[in-house]
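As stored in upload_36.txt (compact mmCIF, N, CA and C atoms):
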```txt
# COMPACT_ATOMS: atom_id res chain seq x y z
N MET G 1 12.06 9.65 15.49
CA MET G 1 11.16 9.15 14.45
C MET G 1 11.48 9.82 13.12
N ARG G 2 11.33 9.07 12.06
CA ARG G 2 11.56 9.60 10.72
C ARG G 2 10.52 10.66 10.37
N LYS G 3 10.87 11.56 9.47
CA LYS G 3 9.89 12.50 8.91
C LYS G 3 9.04 11.72 7.92
N ILE G 4 7.73 11.80 8.05
CA ILE G 4 6.82 11.07 7.17
C ILE G 4 6.11 12.06 6.24
N ASN G 5 6.35 11.90 4.95
CA ASN G 5 5.70 12.74 3.93
C ASN G 5 4.52 12.05 3.27
N TYR G 6 4.55 10.73 3.24
CA TYR G 6 3.51 9.96 2.54
C TYR G 6 3.03 8.78 3.37
N ILE G 7 1.74 8.52 3.27
CA ILE G 7 1.14 7.27 3.71
C ILE G 7 0.66 6.62 2.42
N VAL G 8 1.30 5.52 2.04
CA VAL G 8 1.09 4.93 0.72
C VAL G 8 0.30 3.62 0.84
N VAL G 9 -0.79 3.54 0.09
CA VAL G 9 -1.65 2.35 0.10
C VAL G 9 -1.28 1.45 -1.08
N HIS G 10 -1.18 0.17 -0.80
CA HIS G 10 -0.82 -0.85 -1.78
C HIS G 10 -1.83 -1.99 -1.73
N CYS G 11 -1.81 -2.82 -2.76
CA CYS G 11 -2.50 -4.11 -2.72
C CYS G 11 -1.43 -5.19 -2.83
N SER G 12 -1.74 -6.39 -2.39
CA SER G 12 -0.76 -7.48 -2.43
C SER G 12 -0.73 -8.20 -3.77
N ALA G 13 -1.59 -7.78 -4.72
CA ALA G 13 -1.70 -8.44 -6.02
C ALA G 13 -2.04 -9.92 -5.86
N THR G 14 -3.01 -10.17 -4.98
CA THR G 14 -3.49 -11.52 -4.71
C THR G 14 -4.86 -11.68 -5.38
N ARG G 15 -5.05 -12.78 -6.07
CA ARG G 15 -6.31 -13.02 -6.78
C ARG G 15 -7.47 -13.27 -5.82
N GLU G 16 -8.66 -12.88 -6.28
CA GLU G 16 -9.88 -13.20 -5.53
C GLU G 16 -9.92 -14.71 -5.32
N GLY G 17 -10.31 -15.10 -4.14
CA GLY G 17 -10.39 -16.52 -3.83
C GLY G 17 -9.08 -17.12 -3.36
N SER G 18 -8.00 -16.35 -3.42
CA SER G 18 -6.71 -16.83 -2.95
C SER G 18 -6.36 -16.13 -1.64
N VAL G 19 -5.46 -16.75 -0.91
CA VAL G 19 -5.03 -16.22 0.38
C VAL G 19 -3.53 -15.93 0.30
N LEU G 20 -3.12 -14.82 0.89
CA LEU G 20 -1.70 -14.52 1.05
C LEU G 20 -1.47 -14.27 2.53
N THR G 21 -0.96 -15.26 3.20
CA THR G 21 -0.71 -15.13 4.64
C THR G 21 0.41 -14.12 4.87
N PRO G 22 0.46 -13.57 6.07
CA PRO G 22 1.57 -12.67 6.39
C PRO G 22 2.93 -13.36 6.23
N GLU G 23 2.98 -14.64 6.55
CA GLU G 23 4.22 -15.40 6.42
C GLU G 23 4.63 -15.54 4.94
N ALA G 24 3.65 -15.78 4.09
CA ALA G 24 3.93 -15.89 2.66
C ALA G 24 4.36 -14.54 2.08
N LEU G 25 3.73 -13.47 2.55
CA LEU G 25 4.10 -12.12 2.11
C LEU G 25 5.55 -11.84 2.50
N GLU G 26 5.91 -12.15 3.74
CA GLU G 26 7.28 -11.93 4.18
C GLU G 26 8.27 -12.77 3.39
N ALA G 27 7.92 -14.02 3.15
CA ALA G 27 8.81 -14.90 2.38
C ALA G 27 9.03 -14.35 0.97
N GLU G 28 7.98 -13.86 0.35
CA GLU G 28 8.09 -13.28 -0.99
C GLU G 28 8.99 -12.05 -0.97
N HIS G 29 8.83 -11.20 0.02
CA HIS G 29 9.68 -10.01 0.11
C HIS G 29 11.13 -10.38 0.38
N ARG G 30 11.36 -11.37 1.20
CA ARG G 30 12.74 -11.82 1.45
C ARG G 30 13.36 -12.38 0.17
N ARG G 31 12.57 -13.12 -0.62
CA ARG G 31 13.07 -13.64 -1.91
C ARG G 31 13.49 -12.49 -2.82
N ARG G 32 12.83 -11.34 -2.68
CA ARG G 32 13.14 -10.17 -3.50
C ARG G 32 14.29 -9.35 -2.91
N GLY G 33 14.87 -9.82 -1.82
CA GLY G 33 16.03 -9.16 -1.24
C GLY G 33 15.73 -8.17 -0.14
N PHE G 34 14.47 -8.07 0.29
CA PHE G 34 14.11 -7.17 1.39
C PHE G 34 14.46 -7.83 2.72
N HIS G 35 14.59 -7.02 3.75
CA HIS G 35 14.84 -7.52 5.10
C HIS G 35 13.50 -7.63 5.82
N GLY G 36 12.70 -8.60 5.42
CA GLY G 36 11.36 -8.77 5.98
C GLY G 36 10.32 -8.11 5.10
N THR G 37 9.09 -8.07 5.59
CA THR G 37 8.00 -7.47 4.84
C THR G 37 8.29 -5.99 4.62
N GLY G 38 8.10 -5.53 3.41
CA GLY G 38 8.42 -4.14 3.06
C GLY G 38 7.41 -3.12 3.52
N TYR G 39 6.18 -3.57 3.82
CA TYR G 39 5.11 -2.66 4.28
C TYR G 39 5.14 -2.56 5.80
N HIS G 40 4.60 -1.48 6.30
CA HIS G 40 4.50 -1.31 7.75
C HIS G 40 3.24 -1.97 8.32
N TYR G 41 2.20 -2.06 7.47
CA TYR G 41 0.93 -2.67 7.90
C TYR G 41 0.40 -3.56 6.78
N TYR G 42 -0.27 -4.63 7.19
CA TYR G 42 -0.92 -5.54 6.26
C TYR G 42 -2.34 -5.76 6.74
N ILE G 43 -3.31 -5.53 5.86
CA ILE G 43 -4.73 -5.67 6.21
C ILE G 43 -5.29 -6.92 5.54
N ARG G 44 -5.65 -7.89 6.35
CA ARG G 44 -6.21 -9.16 5.86
C ARG G 44 -7.65 -8.95 5.39
N ARG G 45 -8.17 -9.93 4.67
CA ARG G 45 -9.53 -9.83 4.13
C ARG G 45 -10.59 -9.68 5.23
N ASP G 46 -10.32 -10.22 6.42
CA ASP G 46 -11.29 -10.10 7.51
C ASP G 46 -11.18 -8.77 8.25
N GLY G 47 -10.28 -7.88 7.79
CA GLY G 47 -10.11 -6.57 8.41
C GLY G 47 -9.06 -6.52 9.49
N THR G 48 -8.43 -7.64 9.79
CA THR G 48 -7.36 -7.65 10.78
C THR G 48 -6.18 -6.83 10.25
N VAL G 49 -5.71 -5.90 11.07
CA VAL G 49 -4.56 -5.07 10.72
C VAL G 49 -3.33 -5.60 11.47
N LEU G 50 -2.33 -5.96 10.72
CA LEU G 50 -1.09 -6.48 11.30
C LEU G 50 0.03 -5.47 11.12
N GLY G 51 0.74 -5.18 12.18
CA GLY G 51 1.97 -4.40 12.07
C GLY G 51 3.06 -5.32 11.58
N THR G 52 3.65 -5.02 10.44
CA THR G 52 4.63 -5.92 9.84
C THR G 52 6.04 -5.35 9.79
N ARG G 53 6.17 -4.07 10.12
CA ARG G 53 7.49 -3.43 10.16
C ARG G 53 7.36 -2.22 11.08
N SER G 54 8.36 -2.00 11.90
CA SER G 54 8.35 -0.85 12.80
C SER G 54 8.31 0.46 12.01
N LEU G 55 7.53 1.42 12.49
CA LEU G 55 7.45 2.71 11.81
C LEU G 55 8.78 3.44 11.80
N GLU G 56 9.65 3.14 12.74
CA GLU G 56 10.95 3.79 12.80
C GLU G 56 11.88 3.33 11.68
N ILE G 57 11.56 2.21 11.07
CA ILE G 57 12.41 1.64 10.01
C ILE G 57 11.77 1.97 8.65
N PRO G 58 12.56 2.54 7.73
CA PRO G 58 12.01 2.79 6.39
C PRO G 58 11.51 1.50 5.77
N GLY G 59 10.47 1.62 4.98
CA GLY G 59 9.90 0.46 4.30
C GLY G 59 10.65 0.11 3.04
N ALA G 60 10.12 -0.87 2.34
CA ALA G 60 10.62 -1.29 1.04
C ALA G 60 9.39 -1.49 0.17
N HIS G 61 8.77 -0.37 -0.22
CA HIS G 61 7.48 -0.48 -0.91
C HIS G 61 7.30 0.52 -2.04
N VAL G 62 8.04 1.64 -2.07
CA VAL G 62 7.95 2.61 -3.17
C VAL G 62 9.35 3.16 -3.43
N LYS G 63 9.94 2.70 -4.49
CA LYS G 63 11.30 3.13 -4.81
C LYS G 63 11.39 4.65 -4.86
N GLY G 64 12.37 5.18 -4.15
CA GLY G 64 12.59 6.62 -4.12
C GLY G 64 11.81 7.36 -3.05
N HIS G 65 10.90 6.68 -2.36
CA HIS G 65 10.06 7.32 -1.35
C HIS G 65 10.07 6.60 0.00
N ASN G 66 10.83 5.52 0.12
CA ASN G 66 10.78 4.71 1.34
C ASN G 66 11.26 5.43 2.59
N ALA G 67 12.23 6.31 2.46
CA ALA G 67 12.81 6.95 3.64
C ALA G 67 11.80 7.79 4.41
N HIS G 68 10.79 8.32 3.70
CA HIS G 68 9.86 9.25 4.33
C HIS G 68 8.40 8.84 4.12
N SER G 69 8.15 7.54 4.14
CA SER G 69 6.78 7.08 3.93
C SER G 69 6.44 5.91 4.83
N ILE G 70 5.15 5.67 4.94
CA ILE G 70 4.60 4.51 5.63
C ILE G 70 3.84 3.71 4.58
N GLY G 71 4.06 2.41 4.52
CA GLY G 71 3.38 1.55 3.56
C GLY G 71 2.30 0.71 4.22
N ILE G 72 1.12 0.76 3.61
CA ILE G 72 -0.02 -0.05 4.05
C ILE G 72 -0.43 -0.92 2.87
N CYS G 73 -0.58 -2.21 3.08
CA CYS G 73 -0.97 -3.13 2.02
C CYS G 73 -2.22 -3.88 2.42
N TYR G 74 -3.18 -3.97 1.48
CA TYR G 74 -4.34 -4.83 1.74
C TYR G 74 -4.21 -6.11 0.92
N GLU G 75 -4.68 -7.20 1.49
CA GLU G 75 -4.66 -8.50 0.83
C GLU G 75 -5.69 -8.49 -0.30
N GLY G 76 -5.22 -8.68 -1.53
CA GLY G 76 -6.12 -8.68 -2.67
C GLY G 76 -5.59 -7.79 -3.78
N GLY G 77 -6.50 -7.35 -4.64
CA GLY G 77 -6.15 -6.43 -5.71
C GLY G 77 -6.25 -6.99 -7.12
N LEU G 78 -6.53 -8.30 -7.24
CA LEU G 78 -6.68 -8.90 -8.57
C LEU G 78 -7.97 -9.71 -8.63
N ASP G 79 -8.60 -9.73 -9.82
CA ASP G 79 -9.77 -10.59 -9.99
C ASP G 79 -9.29 -12.02 -10.17
N ARG G 80 -10.21 -12.93 -10.39
CA ARG G 80 -9.85 -14.36 -10.49
C ARG G 80 -8.94 -14.66 -11.68
N GLU G 81 -8.98 -13.82 -12.71
CA GLU G 81 -8.13 -14.01 -13.89
C GLU G 81 -6.79 -13.29 -13.77
N GLY G 82 -6.58 -12.56 -12.68
CA GLY G 82 -5.31 -11.87 -12.48
C GLY G 82 -5.28 -10.44 -12.97
N ARG G 83 -6.46 -9.88 -13.28
CA ARG G 83 -6.53 -8.47 -13.71
C ARG G 83 -6.73 -7.57 -12.51
N PRO G 84 -6.20 -6.33 -12.55
CA PRO G 84 -6.38 -5.40 -11.43
C PRO G 84 -7.85 -5.15 -11.13
N LYS G 85 -8.19 -5.19 -9.82
CA LYS G 85 -9.57 -4.97 -9.39
C LYS G 85 -9.55 -4.62 -7.91
N ASP G 86 -10.41 -3.69 -7.53
CA ASP G 86 -10.57 -3.36 -6.11
C ASP G 86 -11.36 -4.50 -5.46
N THR G 87 -10.66 -5.35 -4.77
CA THR G 87 -11.29 -6.52 -4.15
C THR G 87 -11.45 -6.37 -2.64
N ARG G 88 -11.28 -5.16 -2.12
CA ARG G 88 -11.37 -4.97 -0.68
C ARG G 88 -12.73 -5.37 -0.15
N THR G 89 -12.72 -6.06 0.95
CA THR G 89 -13.95 -6.43 1.64
C THR G 89 -14.43 -5.22 2.45
N PRO G 90 -15.70 -5.22 2.88
CA PRO G 90 -16.15 -4.14 3.76
C PRO G 90 -15.28 -4.00 5.00
N GLU G 91 -14.82 -5.12 5.52
CA GLU G 91 -13.96 -5.10 6.71
C GLU G 91 -12.61 -4.43 6.40
N GLN G 92 -12.06 -4.70 5.23
CA GLN G 92 -10.80 -4.07 4.85
C GLN G 92 -10.98 -2.57 4.63
N ARG G 93 -12.09 -2.19 4.00
CA ARG G 93 -12.35 -0.76 3.78
C ARG G 93 -12.42 -0.02 5.11
N SER G 94 -13.14 -0.57 6.05
CA SER G 94 -13.29 0.05 7.37
C SER G 94 -11.95 0.11 8.10
N ALA G 95 -11.22 -0.99 8.09
CA ALA G 95 -9.93 -1.04 8.78
C ALA G 95 -8.95 -0.04 8.15
N LEU G 96 -8.95 0.07 6.84
CA LEU G 96 -8.05 1.00 6.16
C LEU G 96 -8.39 2.44 6.52
N ARG G 97 -9.66 2.78 6.50
CA ARG G 97 -10.07 4.15 6.89
C ARG G 97 -9.62 4.48 8.31
N LEU G 98 -9.85 3.55 9.23
CA LEU G 98 -9.47 3.77 10.63
C LEU G 98 -7.96 3.90 10.78
N LEU G 99 -7.21 3.03 10.14
CA LEU G 99 -5.75 3.07 10.24
C LEU G 99 -5.20 4.38 9.68
N VAL G 100 -5.67 4.78 8.51
CA VAL G 100 -5.21 6.03 7.92
C VAL G 100 -5.56 7.21 8.82
N SER G 101 -6.76 7.21 9.37
CA SER G 101 -7.17 8.27 10.29
C SER G 101 -6.24 8.35 11.50
N GLN G 102 -5.91 7.21 12.06
CA GLN G 102 -5.00 7.17 13.21
C GLN G 102 -3.60 7.66 12.84
N LEU G 103 -3.11 7.27 11.69
CA LEU G 103 -1.79 7.69 11.26
C LEU G 103 -1.75 9.19 10.98
N LEU G 104 -2.82 9.73 10.42
CA LEU G 104 -2.87 11.17 10.14
C LEU G 104 -2.89 12.00 11.42
N LYS G 105 -3.42 11.45 12.49
CA LYS G 105 -3.38 12.17 13.77
C LYS G 105 -1.94 12.31 14.26
N ARG G 106 -1.13 11.34 13.95
CA ARG G 106 0.28 11.37 14.36
C ARG G 106 1.16 12.09 13.34
N PHE G 107 0.86 11.88 12.06
CA PHE G 107 1.64 12.46 10.96
C PHE G 107 0.72 13.34 10.12
N HIS G 108 0.24 14.42 10.71
CA HIS G 108 -0.82 15.23 10.11
C HIS G 108 -0.43 15.92 8.81
N ASP G 109 0.85 16.05 8.51
CA ASP G 109 1.27 16.68 7.26
C ASP G 109 1.48 15.67 6.13
N ALA G 110 1.31 14.39 6.42
CA ALA G 110 1.55 13.36 5.41
C ALA G 110 0.45 13.39 4.35
N ARG G 111 0.84 13.11 3.13
CA ARG G 111 -0.10 12.98 2.01
C ARG G 111 -0.47 11.51 1.87
N VAL G 112 -1.76 11.22 1.81
CA VAL G 112 -2.24 9.85 1.62
C VAL G 112 -2.40 9.61 0.12
N CYS G 113 -1.80 8.55 -0.39
CA CYS G 113 -1.87 8.27 -1.82
C CYS G 113 -1.74 6.78 -2.08
N GLY G 114 -2.00 6.40 -3.30
CA GLY G 114 -1.79 5.02 -3.73
C GLY G 114 -0.41 4.88 -4.34
N HIS G 115 0.08 3.67 -4.40
CA HIS G 115 1.38 3.39 -4.99
C HIS G 115 1.46 3.98 -6.40
N ARG G 116 0.41 3.79 -7.18
CA ARG G 116 0.42 4.28 -8.57
C ARG G 116 0.56 5.79 -8.65
N ASP G 117 0.13 6.51 -7.60
CA ASP G 117 0.20 7.97 -7.60
C ASP G 117 1.62 8.50 -7.45
N LEU G 118 2.56 7.63 -7.13
CA LEU G 118 3.97 8.02 -7.03
C LEU G 118 4.78 7.54 -8.23
N SER G 119 4.08 7.20 -9.31
CA SER G 119 4.76 6.85 -10.56
C SER G 119 5.43 8.09 -11.13
N PRO G 120 6.42 7.93 -11.99
CA PRO G 120 7.08 9.09 -12.59
C PRO G 120 6.12 9.90 -13.47
N ASP G 121 6.26 11.21 -13.43
CA ASP G 121 5.49 12.12 -14.29
C ASP G 121 6.19 12.17 -15.64
N LEU G 122 5.86 11.24 -16.51
CA LEU G 122 6.60 11.06 -17.76
C LEU G 122 6.49 12.25 -18.71
N ASN G 123 5.35 12.92 -18.74
CA ASN G 123 5.20 14.05 -19.67
C ASN G 123 5.50 15.40 -19.03
N GLY G 124 5.84 15.39 -17.73
CA GLY G 124 6.27 16.61 -17.06
C GLY G 124 5.21 17.66 -16.84
N ASP G 125 3.93 17.26 -16.85
CA ASP G 125 2.85 18.25 -16.68
C ASP G 125 2.44 18.45 -15.23
N GLY G 126 3.13 17.80 -14.30
CA GLY G 126 2.82 17.96 -12.88
C GLY G 126 1.73 17.05 -12.36
N GLN G 127 1.19 16.19 -13.20
CA GLN G 127 0.14 15.26 -12.79
C GLN G 127 0.52 13.85 -13.22
N ILE G 128 0.21 12.89 -12.34
CA ILE G 128 0.43 11.49 -12.67
C ILE G 128 -0.90 10.96 -13.23
N GLU G 129 -0.91 10.70 -14.52
CA GLU G 129 -2.13 10.26 -15.20
C GLU G 129 -2.11 8.75 -15.40
N PRO G 130 -3.27 8.13 -15.60
CA PRO G 130 -3.31 6.67 -15.73
C PRO G 130 -2.33 6.10 -16.74
N ALA G 131 -2.08 6.78 -17.83
CA ALA G 131 -1.13 6.27 -18.83
C ALA G 131 0.30 6.24 -18.29
N GLU G 132 0.57 6.98 -17.20
CA GLU G 132 1.91 7.04 -16.62
C GLU G 132 2.11 6.07 -15.45
N TRP G 133 1.04 5.44 -14.99
CA TRP G 133 1.16 4.53 -13.86
C TRP G 133 2.11 3.38 -14.19
N VAL G 134 3.04 3.12 -13.29
CA VAL G 134 3.94 1.98 -13.44
C VAL G 134 3.15 0.69 -13.21
N LYS G 135 2.19 0.75 -12.28
CA LYS G 135 1.30 -0.37 -12.01
C LYS G 135 -0.03 0.19 -11.52
N GLN G 136 -1.06 -0.64 -11.46
CA GLN G 136 -2.40 -0.21 -11.05
C GLN G 136 -2.55 -0.08 -9.54
N CYS G 137 -1.65 -0.65 -8.79
CA CYS G 137 -1.70 -0.73 -7.33
C CYS G 137 -2.03 0.62 -6.70
N PRO G 138 -3.04 0.69 -5.88
CA PRO G 138 -3.77 -0.34 -5.15
C PRO G 138 -5.12 -0.73 -5.77
N CYS G 139 -5.34 -0.36 -7.04
CA CYS G 139 -6.54 -0.75 -7.79
C CYS G 139 -7.80 0.00 -7.36
N PHE G 140 -7.63 1.15 -6.73
CA PHE G 140 -8.73 2.09 -6.47
C PHE G 140 -8.11 3.47 -6.29
N ASP G 141 -8.95 4.51 -6.38
CA ASP G 141 -8.46 5.87 -6.29
C ASP G 141 -8.41 6.31 -4.83
N VAL G 142 -7.23 6.27 -4.27
CA VAL G 142 -7.03 6.60 -2.86
C VAL G 142 -7.42 8.05 -2.57
N LYS G 143 -7.08 8.95 -3.50
CA LYS G 143 -7.34 10.39 -3.27
C LYS G 143 -8.83 10.68 -3.05
N THR G 144 -9.70 10.03 -3.80
CA THR G 144 -11.12 10.31 -3.66
C THR G 144 -11.75 9.55 -2.49
N GLU G 145 -11.18 8.41 -2.14
CA GLU G 145 -11.80 7.58 -1.09
C GLU G 145 -11.26 7.87 0.30
N LEU G 146 -9.99 8.23 0.41
CA LEU G 146 -9.41 8.45 1.72
C LEU G 146 -8.99 9.90 1.88
```
What do you get writing this file as structure tokens?
Amino acid sequence: MRKINYIVVHCSATREGSVLTPEALEAEHRRRGFHGTGYHYYIRRDGTVLGTRSLEIPGAHVKGHNAHSIGICYEGGLDREGRPKDTRTPEQRSALRLLVSQLLKRFHDARVCGHRDLSPDLNGDGQIEPAEWVKQCPCFDVKTEL
């Protein structure tokens, strides 16, 4: 098994009221040149957790960190106008907490973070601040919630 340093939470950048099926997610990732879905898990709006990539295989979800991370993506992340928003349903919140808890039992040294938390530290102060985020993903503060 690979050494896991990070458990990284993402959103699918899907608008409220829209659906992104696992098949559509995979097709989009393949169009981007990935070998299947880049995340290891996908959490649907109803809280269903789908394994989308074997944990033994590095993901394609955070440039520079894929070799030693696990990617979890929830369906959603944008409001109806396409702006970043925490759109997780209660079922998704519960499923995400449970999944992260289970993964931490296996990879207890892993740091849980959001995609945005792995943005480059542009000013070199040792902290990734909102002005440095490459993107808003996952549209909530993973550190305080998980």
> So how far away is CA of Trp133 in chain G from CA of Arg93 in chain G, in Å?
Replying inline: 22.8 Å
>> Let's see if you can do this: from backbone DSSP, list all strand (DSSP E) residues in chain G, as a PyMOL selection string.
In response: chain G and resi 6-11+14-15+41-43+49-51+69-74+77-78+111-114
>> Residues proximal to (-7.8, 0.4, -10.6) were defined as those with any atom within 7 Å of that point in the file's coordinates, counting only N, CA and C atoms. Which are they, as a list in words?
In response: Pro84, Lys85, Asp86, Gln136, Cys137, Pro138, Cys139, Phe140 and Asp141 of chain G
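The interatomic distance for the pair CA of Asn5 in chain G and atom N of Leu104 in chain G works out to 11.1 Å.
You will find atom C of Tyr39 in chain G at 11.0 Å from atom N of Cys11 in chain G.
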> Can you list, as a PyMOL selection string, every protein, DNA or RNA residue that comes within 7 Å of Ala67 in chain G when you count only N, CA and C atoms, leaving out same-chain residues fewer than 5 positions away?
Replying inline: chain G and resi 2-5+58-59
>> Please list as an MDAnalysis selection string every residue within 12 Å of Leu98 in chain G, counting only C-alpha atoms and excluding residues in the same chain fewer than 5 positions away.
In response: chainID G and resid 43 47:49 91:93 103:105 146
Contact residues around Arg88 in chain G with all atoms listed in the file at 7 Å, ignoring same-chain residues under 6 positions, as an mmCIF file with N, CA and C atoms, in the frame of the given file:
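Contents of out32.cif, freshly written:
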```
data_model
loop_
_atom_site.group_PDB
_atom_site.id
_atom_site.type_symbol
_atom_site.label_atom_id
_atom_site.label_comp_id
_atom_site.auth_asym_id
_atom_site.auth_seq_id
_atom_site.Cartn_x
_atom_site.Cartn_y
_atom_site.Cartn_z
ATOM 1 N N ARG G 45 -8.170 -9.930 4.670
ATOM 2 C CA ARG G 45 -9.530 -9.830 4.130
ATOM 3 C C ARG G 45 -10.590 -9.680 5.230
ATOM 4 N N GLU G 75 -4.680 -7.200 1.490
ATOM 5 C CA GLU G 75 -4.660 -8.500 0.830
ATOM 6 C C GLU G 75 -5.690 -8.490 -0.300
ATOM 7 N N GLY G 76 -5.220 -8.680 -1.530
ATOM 8 C CA GLY G 76 -6.120 -8.680 -2.670
ATOM 9 C C GLY G 76 -5.590 -7.790 -3.780
ATOM 10 N N GLY G 77 -6.500 -7.350 -4.640
ATOM 11 C CA GLY G 77 -6.150 -6.430 -5.710
ATOM 12 C C GLY G 77 -6.250 -6.990 -7.120
#
```
>> Applying 8 Å and only N, CA and C atoms, which residues near Gly71 in chain G remain after dropping the ones on its own chain fewer than 6 positions away? List them as a PyMOL selection string.
In response: chain G and resi 6-10+38-42+58-62
> Per DSSP on the backbone, what are the alpha helix (DSSP H) residues of chain G, as an MDAnalysis selection string?
Replying inline: chainID G and resid 22:31 90:106 142:145
> Do you know which residues lie at most 8 Å from (5.5, 7.0, -10.0), with coordinates as in the file and only N, CA and C atoms counted, and could you write them as a PyMOL selection string?
Replying inline: chain G and resi 115-122+128+132-135
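Of the residues under consideration (G:Glu145, G:Glu26, G:Asp79, G:Asp109), G:Glu26 shows the shortest atom-to-atom contact distance to Arg53 in chain G when counting only C-alpha atoms.
When only C-alpha atoms are used to compute distances to Leu25 in chain G, the closest of the residues G:Thr52, G:Phe107, G:Met1, G:Asp46 turns out to be G:Thr52.
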